[in-house]
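Q: upload.pdb is reproduced in full below (PDB, C-alpha atoms).
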ATOM      1  CA  MET A   1      17.321  -5.272  -5.598
ATOM      2  CA  ASN A   2      14.004  -5.947  -7.247
ATOM      3  CA  PRO A   3      11.465  -3.086  -6.998
ATOM      4  CA  LEU A   4       9.508  -4.566  -4.116
ATOM      5  CA  GLN A   5      12.703  -4.980  -2.103
ATOM      6  CA  ILE A   6      13.528  -1.347  -2.863
ATOM      7  CA  PHE A   7      10.143  -0.296  -1.513
ATOM      8  CA  VAL A   8      10.495  -2.568   1.526
ATOM      9  CA  GLU A   9      13.878  -1.171   2.503
ATOM     10  CA  SER A  10      12.909   2.407   1.741
ATOM     11  CA  SER A  11       9.705   2.166   3.794
ATOM     12  CA  LYS A  12      11.773   1.049   6.796
ATOM     13  CA  LYS A  13      13.921   4.166   6.514
ATOM     14  CA  LEU A  14      11.281   6.772   5.609
ATOM     15  CA  THR A  15       7.596   7.221   6.328
ATOM     16  CA  PRO A  16       4.861   7.703   5.175
ATOM     17  CA  SER A  17       4.742   5.496   2.082
ATOM     18  CA  LEU A  18       2.193   5.248  -0.695
ATOM     19  CA  ILE A  19       1.146   2.477  -3.099
ATOM     20  CA  GLU A  20      -0.927   3.858  -5.975
ATOM     21  CA  TYR A  21      -2.592   1.317  -8.253
ATOM     22  CA  GLU A  22      -4.931   0.793 -11.180
ATOM     23  CA  VAL A  23      -7.533  -1.947 -11.452
ATOM     24  CA  GLY A  24      -5.982  -5.099 -12.889
ATOM     25  CA  THR A  25      -2.535  -4.653 -11.362
ATOM     26  CA  GLU A  26      -3.070  -7.416  -8.766
ATOM     27  CA  VAL A  27      -2.333  -4.921  -6.013
ATOM     28  CA  GLU A  28      -3.520  -7.427  -3.416
ATOM     29  CA  MET A  29      -0.601  -9.741  -4.201
ATOM     30  CA  ILE A  30       1.897  -6.869  -4.120
ATOM     31  CA  VAL A  31       0.623  -5.687  -0.721
ATOM     32  CA  TYR A  32       0.540  -9.254   0.586
ATOM     33  CA  ARG A  33       4.136  -9.872  -0.490
ATOM     34  CA  TYR A  34       5.177  -6.556   1.027
ATOM     35  CA  LEU A  35       3.593  -7.505   4.356
ATOM     36  CA  GLU A  36       5.228 -10.936   4.278
ATOM     37  CA  ASP A  37       8.621  -9.339   3.654
ATOM     38  CA  VAL A  38       8.386  -6.779   6.480
ATOM     39  CA  ARG A  39       6.465  -8.814   9.063
ATOM     40  CA  SER A  40       9.547  -9.892  11.031
ATOM     41  CA  TYR A  41      10.772  -6.292  11.187
ATOM     42  CA  TYR A  42       7.710  -4.999  13.068
ATOM     43  CA  ASP A  43       6.323  -5.911  16.469
ATOM     44  CA  ASP A  44       2.784  -4.967  15.425
ATOM     45  CA  VAL A  45       1.155  -4.710  12.007
ATOM     46  CA  LEU A  46      -2.182  -2.884  11.810
ATOM     47  CA  MET A  47      -4.527  -2.906   8.821
ATOM     48  CA  VAL A  48      -6.659   0.233   9.019
ATOM     49  CA  SER A  49      -9.675  -0.388   6.806
ATOM     50  CA  PHE A  50     -12.184   2.231   5.649
ATOM     51  CA  VAL A  51     -15.639   1.126   4.504
ATOM     52  CA  ASP A  52     -14.748  -2.591   4.900
ATOM     53  CA  ALA A  53     -11.980  -2.492   2.275
ATOM     54  CA  HIS A  54     -10.122  -5.261   4.116
ATOM     55  CA  VAL A  55     -12.932  -7.749   3.504
ATOM     56  CA  ALA A  56     -12.472  -7.856  -0.281
ATOM     57  CA  PHE A  57      -8.695  -7.716   0.150
ATOM     58  CA  LEU A  58      -8.525 -10.756   2.432
ATOM     59  CA  GLU A  59     -11.151 -12.689   0.478
ATOM     60  CA  TYR A  60      -9.160 -12.170  -2.722
ATOM     61  CA  LEU A  61      -5.972 -13.484  -1.099
ATOM     62  CA  LYS A  62      -7.771 -16.491   0.352
ATOM     63  CA  ARG A  63      -9.289 -17.313  -3.037
ATOM     64  CA  VAL A  64      -5.989 -16.979  -4.924
ATOM     65  CA  LEU A  65      -3.662 -18.500  -2.316
ATOM     66  CA  ARG A  66      -6.243 -21.079  -1.152
ATOM     67  CA  ARG A  67      -5.456 -20.537   2.510
ATOM     68  CA  ASP A  68      -6.079 -18.014   5.266
ATOM     69  CA  VAL A  69      -3.350 -15.388   5.367
ATOM     70  CA  LEU A  70      -2.236 -12.468   7.542
ATOM     71  CA  ARG A  71      -3.828 -13.927  10.652
ATOM     72  CA  ASP A  72      -1.467 -12.001  12.922
ATOM     73  CA  VAL A  73      -2.395  -8.640  11.385
ATOM     74  CA  GLU A  74      -4.728  -6.568  13.567
ATOM     75  CA  VAL A  75      -7.646  -5.097  11.589
ATOM     76  CA  ILE A  76      -9.024  -1.716  12.653
ATOM     77  CA  SER A  77     -12.306  -1.153  10.831
ATOM     78  CA  LEU A  78     -13.514   2.417  10.386
ATOM     79  CA  LEU A  79     -16.809   3.602   8.925
ATOM     80  CA  SER A  80     -17.965   0.039   8.436
ATOM     81  CA  LYS A  81     -21.102  -0.429   6.342
ATOM     82  CA  LYS A  82     -22.155  -3.047   8.879
ATOM     83  CA  PHE A  83     -22.438  -0.536  11.711
ATOM     84  CA  LYS A  84     -23.116   2.582   9.613
ATOM     85  CA  ASP A  85     -20.870   4.696  11.822
ATOM     86  CA  SER A  86     -19.867   8.205  10.815
ATOM     87  CA  GLU A  87     -16.924  10.177  12.139
ATOM     88  CA  SER A  88     -15.177  13.390  11.159
ATOM     89  CA  ALA A  89     -11.502  13.492  10.179
ATOM     90  CA  PRO A  90     -10.396  14.800  13.618
ATOM     91  CA  LEU A  91     -12.353  12.058  15.421
ATOM     92  CA  ILE A  92     -10.911   9.360  13.164
ATOM     93  CA  ALA A  93      -7.382  10.622  13.748
ATOM     94  CA  GLY A  94      -7.996  10.876  17.482
ATOM     95  CA  ARG A  95      -9.291   7.315  17.672
ATOM     96  CA  LEU A  96      -6.351   5.961  15.722
ATOM     97  CA  GLY A  97      -3.940   8.038  17.763
ATOM     98  CA  SER A  98      -5.257   6.513  20.986
ATOM     99  CA  ILE A  99      -4.724   3.000  19.618
ATOM    100  CA  ILE A 100      -1.254   3.707  18.254
ATOM    101  CA  GLU A 101      -0.127   5.562  21.357
ATOM    102  CA  GLY A 102      -0.586   2.421  23.441
ATOM    103  CA  LYS A 103       1.527   0.201  21.175
ATOM    104  CA  ARG A 104       5.079  -0.801  22.029
ATOM    105  CA  GLY A 105       7.942  -1.591  19.689
ATOM    106  CA  LYS A 106       8.027  -1.001  15.936
ATOM    107  CA  ILE A 107       4.590  -0.544  14.368
ATOM    108  CA  LEU A 108       3.370  -0.638  10.781
ATOM    109  CA  ALA A 109      -0.067   0.732   9.858
ATOM    110  CA  VAL A 110      -1.379  -0.111   6.379
ATOM    111  CA  PHE A 111      -4.352   1.990   5.251
ATOM    112  CA  LEU A 112      -6.882   0.461   2.863
ATOM    113  CA  GLY A 113     -10.046   2.037   1.444
ATOM    114  CA  LEU A 114      -9.048   5.698   1.279
ATOM    115  CA  ASP A 115     -10.534   5.681  -2.230
ATOM    116  CA  PHE A 116     -13.830   4.337  -0.817
ATOM    117  CA  TYR A 117     -13.721   7.024   1.863
ATOM    118  CA  SER A 118     -13.346   9.694  -0.811
ATOM    119  CA  ILE A 119     -16.288   8.328  -2.813
ATOM    120  CA  VAL A 120     -18.587   8.174   0.226
ATOM    121  CA  PHE A 121     -17.569  11.422   1.939
ATOM    122  CA  SER A 122     -16.073  13.537  -0.909
ATOM    123  CA  GLU A 123     -12.557  14.439  -1.977
ATOM    124  CA  LYS A 124     -12.658  17.421   0.373
ATOM    125  CA  SER A 125     -13.051  15.029   3.295
ATOM    126  CA  LEU A 126     -10.053  13.030   2.112
ATOM    127  CA  LEU A 127      -8.001  16.219   1.817
ATOM    128  CA  GLU A 128      -8.825  16.899   5.463
ATOM    129  CA  LEU A 129      -8.140  13.332   6.595
ATOM    130  CA  PHE A 130      -4.881  12.394   4.888
ATOM    131  CA  PRO A 131      -2.639  15.008   6.582
ATOM    132  CA  ARG A 132      -3.982  13.753   9.908
ATOM    133  CA  ILE A 133      -3.085  10.186   8.935
ATOM    134  CA  VAL A 134       0.451  11.314   8.127
ATOM    135  CA  ASN A 135       0.679  13.098  11.483
ATOM    136  CA  LEU A 136      -0.214   9.956  13.451
ATOM    137  CA  THR A 137       3.523   9.512  13.905
ATOM    138  CA  ARG A 138       3.333  12.169  16.617
ATOM    139  CA  TYR A 139       1.523   9.634  18.789
ATOM    140  CA  ASN A 140       4.307   7.103  18.408
ATOM    141  CA  ARG A 141       7.723   7.779  16.884
ATOM    142  CA  ASN A 142       8.104   4.058  16.076
ATOM    143  CA  LEU A 143       5.153   4.131  13.657
ATOM    144  CA  ASN A 144       5.540   3.604   9.912
ATOM    145  CA  ILE A 145       2.614   4.244   7.570
ATOM    146  CA  VAL A 146       1.728   2.768   4.166
ATOM    147  CA  SER A 147      -1.383   3.938   2.314
ATOM    148  CA  VAL A 148      -2.890   2.029  -0.608
ATOM    149  CA  PHE A 149      -5.247   3.792  -3.025
ATOM    150  CA  ASN A 150      -6.752   3.584  -6.489
ATOM    151  CA  GLY A 151      -5.360   6.670  -8.192
ATOM    152  CA  ALA A 152      -7.630   6.408 -11.228
ATOM    153  CA  ILE A 153     -10.674   7.684  -9.314
ATOM    154  CA  PHE A 154      -8.981  10.753  -7.830
ATOM    155  CA  SER A 155      -8.632  14.212  -9.300
ATOM    156  CA  SER A 156      -5.095  15.440  -9.977
ATOM    157  CA  SER A 157      -5.254  17.760  -6.949
ATOM    158  CA  VAL A 158      -5.894  14.828  -4.596
ATOM    159  CA  SER A 159      -3.183  12.699  -6.167
ATOM    160  CA  GLN A 160      -0.674  15.527  -5.915
ATOM    161  CA  MET A 161      -1.542  16.079  -2.259
ATOM    162  CA  LEU A 162      -1.011  12.400  -1.465
ATOM    163  CA  TYR A 163       2.296  12.454  -3.336
ATOM    164  CA  THR A 164       3.405  15.591  -1.532
ATOM    165  CA  PHE A 165       2.899  14.005   1.880
ATOM    166  CA  SER A 166       4.513  10.658   0.952
ATOM    167  CA  LEU A 167       8.264  10.039   1.127
ATOM    168  CA  ASN A 168       8.064   6.687  -0.681
ATOM    169  CA  VAL A 169       5.775   6.220  -3.682
ATOM    170  CA  MET A 170       5.301   3.043  -5.709
ATOM    171  CA  LYS A 171       2.900   3.102  -8.659
ATOM    172  CA  LEU A 172       1.238   0.040 -10.212
ATOM    173  CA  SER A 173      -0.240   0.616 -13.649
ATOM    174  CA  ILE A 174      -1.373  -1.076 -16.867
ATOM    175  CA  GLU A 175       0.072  -0.200 -20.274
ATOM    176  CA  ARG A 176      -0.605  -1.447 -23.768
ATOM    177  CA  THR A 177       2.499  -2.502 -25.694
ATOM    178  CA  ASP A 178       2.496  -4.139 -29.137
ATOM    179  CA  GLY A 179      -1.182  -4.991 -28.815
ATOM    180  CA  ASP A 180      -0.695  -6.619 -25.416
ATOM    181  CA  PHE A 181      -1.436  -5.356 -21.906
ATOM    182  CA  LYS A 182       1.387  -5.367 -19.375
ATOM    183  CA  ARG A 183       1.552  -4.635 -15.671
ATOM    184  CA  VAL A 184       4.108  -1.995 -14.720
ATOM    185  CA  LEU A 185       5.651  -1.101 -11.371
ATOM    186  CA  THR A 186       7.368   2.280 -11.118
ATOM    187  CA  ILE A 187       9.381   3.533  -8.167
ATOM    188  CA  ILE A 188       8.352   7.192  -8.111
ATOM    189  CA  ARG A 189      10.149   8.200  -4.927
ATOM    190  CA  SER A 190      12.308   6.305  -2.454
ATOM    191  CA  ALA A 191      15.288   6.501  -0.112
ATOM    192  CA  PHE A 192      17.430   5.301  -3.027
ATOM    193  CA  PRO A 193      17.572   8.072  -5.667
ATOM    194  CA  GLU A 194      19.332   5.817  -8.184
ATOM    195  CA  TYR A 195      16.118   3.775  -8.502
ATOM    196  CA  ASN A 196      13.639   6.650  -8.677
ATOM    197  CA  LEU A 197      11.516   6.733 -11.862
ATOM    198  CA  ARG A 198      12.720   3.281 -12.910
ATOM    199  CA  ARG A 199      10.140   0.838 -14.215
ATOM    200  CA  TRP A 200       9.653  -2.904 -14.164
ATOM    201  CA  HIS A 201       7.143  -5.087 -15.970
ATOM    202  CA  TYR A 202       5.765  -7.857 -13.816
ATOM    203  CA  ASP A 203       3.585 -10.937 -13.970
ATOM    204  CA  VAL A 204       1.668 -12.615 -11.152
ATOM    205  CA  ILE A 205       1.516 -16.385 -11.548
ATOM    206  CA  GLY A 206       0.016 -18.191  -8.593
ATOM    207  CA  ASP A 207       2.167 -17.385  -5.568
ATOM    208  CA  ASN A 208       4.966 -15.922  -7.671
ATOM    209  CA  ILE A 209       5.668 -12.371  -8.823
ATOM    210  CA  ASN A 210       8.122 -12.102 -11.712
ATOM    211  CA  PHE A 211       9.804  -8.724 -12.278
ATOM    212  CA  MET A 212      11.532  -7.743 -15.510
ATOM    213  CA  PHE A 213      13.492  -4.506 -15.604
ATOM    214  CA  ASP A 214      12.085  -2.298 -18.332
ATOM    215  CA  ARG A 215      13.984  -1.437 -21.528
ATOM    216  CA  SER A 216      17.544  -0.573 -20.514
ATOM    217  CA  SER A 217      18.304  -3.701 -18.480
ATOM    218  CA  ASN A 218      16.312  -6.626 -19.802
ATOM    219  CA  SER A 219      18.902  -9.012 -18.381
ATOM    220  CA  ASN A 220      17.838  -8.110 -14.842
ATOM    221  CA  HIS A 221      15.107 -10.626 -14.031
ATOM    222  CA  PHE A 222      13.820 -11.181 -10.538
ATOM    223  CA  LYS A 223      11.429 -13.730  -9.075
ATOM    224  CA  LEU A 224       9.699 -13.710  -5.692
ATOM    225  CA  HIS A 225       8.906 -17.157  -4.349
ATOM    226  CA  PRO A 226       6.165 -17.951  -1.798
TER     227      PRO A 226
END
Translate this file's structure into structure tokens.

A:
Amino acid sequence: MNPLQIFVESSKKLTPSLIEYEVGTEVEMIVYRYLEDVRSYYDDVLMVSFVDAHVAFLEYLKRVLRRDVLRDVEVISLLSKKFKDSESAPLIAGRLGSIIEGKRGKILAVFLGLDFYSIVFSEKSLLELFPRIVNLTRYNRNLNIVSVFNGAIFSSSVSQMLYTFSLNVMKLSIERTDGDFKRVLTIIRSAFPEYNLRRWHYDVIGDNINFMFDRSSNSNHFKLHP
């Protein structure tokens, strides 16, 4: 399996999941491809967006892919700058719980903008909110959760807390090798221990993501087609 397939299959088995990224890793394309791969598995896909994070996400995909995408994904906007709403962590969790409780079938909730939430309301607020996000599964046992966040702006205590609560962790980073910058995907934790802590270099070219297994297995080359 290529690393995205590993994450896809692992996220079906275990929840919650976490995608940590750095700027420049083309995280939007990784998340988009993930959603395309799992869409048929779920009856409902929710995009829970803090501080309008979904707007930049969808605009990026439309600009790169030159078409509207993810039309069947339901967006739940929280703390939108447009409406200047403000809610505490318990109220946010309660609102989301009410929505999720009424869903039927298999549900995926993808959380965007937790990093924005932390910047606006403080890391302490995020520390109070994230465990409540994880516990949304008590409202519906058919719920799977994936959170996406920019790890570079968090303190180590926040990152460790997010890792502690996440059963699947995929990290997207940038490294400098031989004077060149390369994108790296690392499976930190998954349902498949044999893949944990393995790394792949990857390139994003148009609609394609090319994965190259790092170092010990350069012959393993994978390509995701649109």

Q: Could you write out as a PyMOL selection string the residues that the PyMOL selection byres ((chain A and resi 183) around 6) matches in the shown file?

A: chain A and resi 25+173-174+182+184+201-202

Q: Looking at A:Ser157, A:Ile209, A:Arg198, A:Ser147, which one is nearest to Pro16 (chain A), with distances taken over all atoms listed in the file?

A: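 Answer, going by the shortest atom-to-atom distance: A:Ser147.
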
Q: Please, what distance in Å, to one decimal, runs between CA of Phe116 (chain A) and CA of Ala191 (chain A)?

A: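 One can read the CA of Phe116 (chain A) to CA of Ala191 (chain A) distance as 29.2 Å.
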
Q: For Ile153 (chain A), work out the shell of residues within 10 Å, counting only C-alpha atoms and skipping chain neighbours fewer than 6 positions away, then give it as a short mmCIF file (atom, residue, chain, number, x, y, z; two decimals) with C-alpha atoms, in the frame of the given file.

A:
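So the final result, stored in selection15.cif, reads:
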data_model
loop_
_atom_site.label_atom_id
_atom_site.label_comp_id
_atom_site.auth_asym_id
_atom_site.auth_seq_id
_atom_site.Cartn_x
_atom_site.Cartn_y
_atom_site.Cartn_z
CA GLU A 22 -4.93 0.79 -11.18
CA ASP A 115 -10.53 5.68 -2.23
CA PHE A 116 -13.83 4.34 -0.82
CA SER A 118 -13.35 9.69 -0.81
CA ILE A 119 -16.29 8.33 -2.81
CA SER A 159 -3.18 12.70 -6.17
#

Q: Taking 4 positions as the minimum chain separation for residues in the same chain, which residues sit within 8 Å of Val69 (chain A) when counting all atoms listed in the file? Answer as a PyMOL selection string.

A: chain A and resi 58+61-62

Q: A:Leu79, A:Val146, A:Met212, A:Val23: which is nearest Phe50 (chain A), counting only C-alpha atoms?

A: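 Of A:Leu79, A:Val146, A:Met212, A:Val23, the one nearest Phe50 (chain A) is A:Leu79, counting only C-alpha atoms.
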
Q: From the list A:Tyr60, A:Phe130, A:Tyr42, A:Phe154, which residue is nearest Ala109 (chain A) when using all atoms listed in the file?

A: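 That would be A:Tyr42, the residue with the smallest distance to Ala109 (chain A).
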
Q: Once the PyMOL selection byres ((chain A and resi 10) around 8) is applied to the coordinates I shared, what remains selected? I want it as a PDB file with C-alpha atoms, in the coordinates of the input.

A:
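New file result_18.pdb:
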ATOM      1  CA  ILE A   6      13.528  -1.347  -2.863  1.00  0.00           C
ATOM      2  CA  PHE A   7      10.143  -0.296  -1.513  1.00  0.00           C
ATOM      3  CA  VAL A   8      10.495  -2.568   1.526  1.00  0.00           C
ATOM      4  CA  GLU A   9      13.878  -1.171   2.503  1.00  0.00           C
ATOM      5  CA  SER A  11       9.705   2.166   3.794  1.00  0.00           C
ATOM      6  CA  LYS A  12      11.773   1.049   6.796  1.00  0.00           C
ATOM      7  CA  LYS A  13      13.921   4.166   6.514  1.00  0.00           C
ATOM      8  CA  LEU A  14      11.281   6.772   5.609  1.00  0.00           C
ATOM      9  CA  ASN A 168       8.064   6.687  -0.681  1.00  0.00           C
ATOM     10  CA  SER A 190      12.308   6.305  -2.454  1.00  0.00           C
ATOM     11  CA  ALA A 191      15.288   6.501  -0.112  1.00  0.00           C
ATOM     12  CA  PHE A 192      17.430   5.301  -3.027  1.00  0.00           C
TER      13      PHE A 192
END

Q: Closest to Thr137 (chain A) among A:Thr177, A:Asn210, A:Ser98, A:Ser77, using all atoms listed in the file?

A: A:Ser98

Q: For Arg67 (chain A), which residue among A:Asp37, A:Val158, A:Asp207, A:Tyr117 is the nearest when counting only C-alpha atoms?

A: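 For Arg67 (chain A), the nearest of the candidates is A:Asp207.
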
Q: Generate the coordinates of N, CA and C atoms for region 160-180 of chain A; report them as a PDB file, in the coordinates of the input.

A:
ATOM      1  N   GLN A 160      -1.855  14.723  -6.211  1.00  0.00           N
ATOM      2  CA  GLN A 160      -0.674  15.527  -5.915  1.00  0.00           C
ATOM      3  C   GLN A 160      -0.514  15.748  -4.417  1.00  0.00           C
ATOM      4  N   MET A 161      -1.616  15.914  -3.709  1.00  0.00           N
ATOM      5  CA  MET A 161      -1.542  16.079  -2.259  1.00  0.00           C
ATOM      6  C   MET A 161      -1.004  14.811  -1.606  1.00  0.00           C
ATOM      7  N   LEU A 162      -1.492  13.653  -2.026  1.00  0.00           N
ATOM      8  CA  LEU A 162      -1.011  12.400  -1.465  1.00  0.00           C
ATOM      9  C   LEU A 162       0.471  12.210  -1.772  1.00  0.00           C
ATOM     10  N   TYR A 163       0.877  12.550  -2.979  1.00  0.00           N
ATOM     11  CA  TYR A 163       2.296  12.454  -3.336  1.00  0.00           C
ATOM     12  C   TYR A 163       3.145  13.391  -2.489  1.00  0.00           C
ATOM     13  N   THR A 164       2.647  14.598  -2.282  1.00  0.00           N
ATOM     14  CA  THR A 164       3.405  15.591  -1.532  1.00  0.00           C
ATOM     15  C   THR A 164       3.699  15.126  -0.112  1.00  0.00           C
ATOM     16  N   PHE A 165       2.738  14.441   0.504  1.00  0.00           N
ATOM     17  CA  PHE A 165       2.899  14.005   1.880  1.00  0.00           C
ATOM     18  C   PHE A 165       3.631  12.661   2.007  1.00  0.00           C
ATOM     19  N   SER A 166       3.941  12.007   0.901  1.00  0.00           N
ATOM     20  CA  SER A 166       4.513  10.658   0.952  1.00  0.00           C
ATOM     21  C   SER A 166       5.989  10.674   0.561  1.00  0.00           C
ATOM     22  N   LEU A 167       6.824  10.062   1.384  1.00  0.00           N
ATOM     23  CA  LEU A 167       8.264  10.039   1.127  1.00  0.00           C
ATOM     24  C   LEU A 167       8.681   8.854   0.265  1.00  0.00           C
ATOM     25  N   ASN A 168       7.866   7.809   0.236  1.00  0.00           N
ATOM     26  CA  ASN A 168       8.064   6.687  -0.681  1.00  0.00           C
ATOM     27  C   ASN A 168       6.795   6.530  -1.508  1.00  0.00           C
ATOM     28  N   VAL A 169       6.944   6.396  -2.814  1.00  0.00           N
ATOM     29  CA  VAL A 169       5.775   6.220  -3.682  1.00  0.00           C
ATOM     30  C   VAL A 169       6.081   5.119  -4.700  1.00  0.00           C
ATOM     31  N   MET A 170       5.223   4.109  -4.724  1.00  0.00           N
ATOM     32  CA  MET A 170       5.301   3.043  -5.709  1.00  0.00           C
ATOM     33  C   MET A 170       3.996   3.043  -6.501  1.00  0.00           C
ATOM     34  N   LYS A 171       4.094   3.039  -7.820  1.00  0.00           N
ATOM     35  CA  LYS A 171       2.900   3.102  -8.659  1.00  0.00           C
ATOM     36  C   LYS A 171       2.761   1.830  -9.476  1.00  0.00           C
ATOM     37  N   LEU A 172       1.566   1.231  -9.431  1.00  0.00           N
ATOM     38  CA  LEU A 172       1.238   0.040 -10.212  1.00  0.00           C
ATOM     39  C   LEU A 172       0.259   0.450 -11.302  1.00  0.00           C
ATOM     40  N   SER A 173       0.599   0.166 -12.543  1.00  0.00           N
ATOM     41  CA  SER A 173      -0.240   0.616 -13.649  1.00  0.00           C
ATOM     42  C   SER A 173      -0.326  -0.458 -14.730  1.00  0.00           C
ATOM     43  N   ILE A 174      -1.196  -0.195 -15.713  1.00  0.00           N
ATOM     44  CA  ILE A 174      -1.373  -1.076 -16.867  1.00  0.00           C
ATOM     45  C   ILE A 174      -1.031  -0.278 -18.127  1.00  0.00           C
ATOM     46  N   GLU A 175      -0.219  -0.862 -19.006  1.00  0.00           N
ATOM     47  CA  GLU A 175       0.072  -0.200 -20.274  1.00  0.00           C
ATOM     48  C   GLU A 175      -0.115  -1.175 -21.426  1.00  0.00           C
ATOM     49  N   ARG A 176      -0.430  -0.624 -22.568  1.00  0.00           N
ATOM     50  CA  ARG A 176      -0.605  -1.447 -23.768  1.00  0.00           C
ATOM     51  C   ARG A 176       0.640  -1.328 -24.632  1.00  0.00           C
ATOM     52  N   THR A 177       1.274  -2.473 -24.901  1.00  0.00           N
ATOM     53  CA  THR A 177       2.499  -2.502 -25.694  1.00  0.00           C
ATOM     54  C   THR A 177       2.384  -3.580 -26.760  1.00  0.00           C
ATOM     55  N   ASP A 178       2.556  -3.181 -28.019  1.00  0.00           N
ATOM     56  CA  ASP A 178       2.496  -4.139 -29.137  1.00  0.00           C
ATOM     57  C   ASP A 178       1.217  -4.969 -29.102  1.00  0.00           C
ATOM     58  N   GLY A 179       0.112  -4.317 -28.813  1.00  0.00           N
ATOM     59  CA  GLY A 179      -1.182  -4.991 -28.815  1.00  0.00           C
ATOM     60  C   GLY A 179      -1.452  -5.836 -27.590  1.00  0.00           C
ATOM     61  N   ASP A 180      -0.534  -5.817 -26.625  1.00  0.00           N
ATOM     62  CA  ASP A 180      -0.695  -6.619 -25.416  1.00  0.00           C
ATOM     63  C   ASP A 180      -0.706  -5.705 -24.199  1.00  0.00           C
TER      64      ASP A 180
END
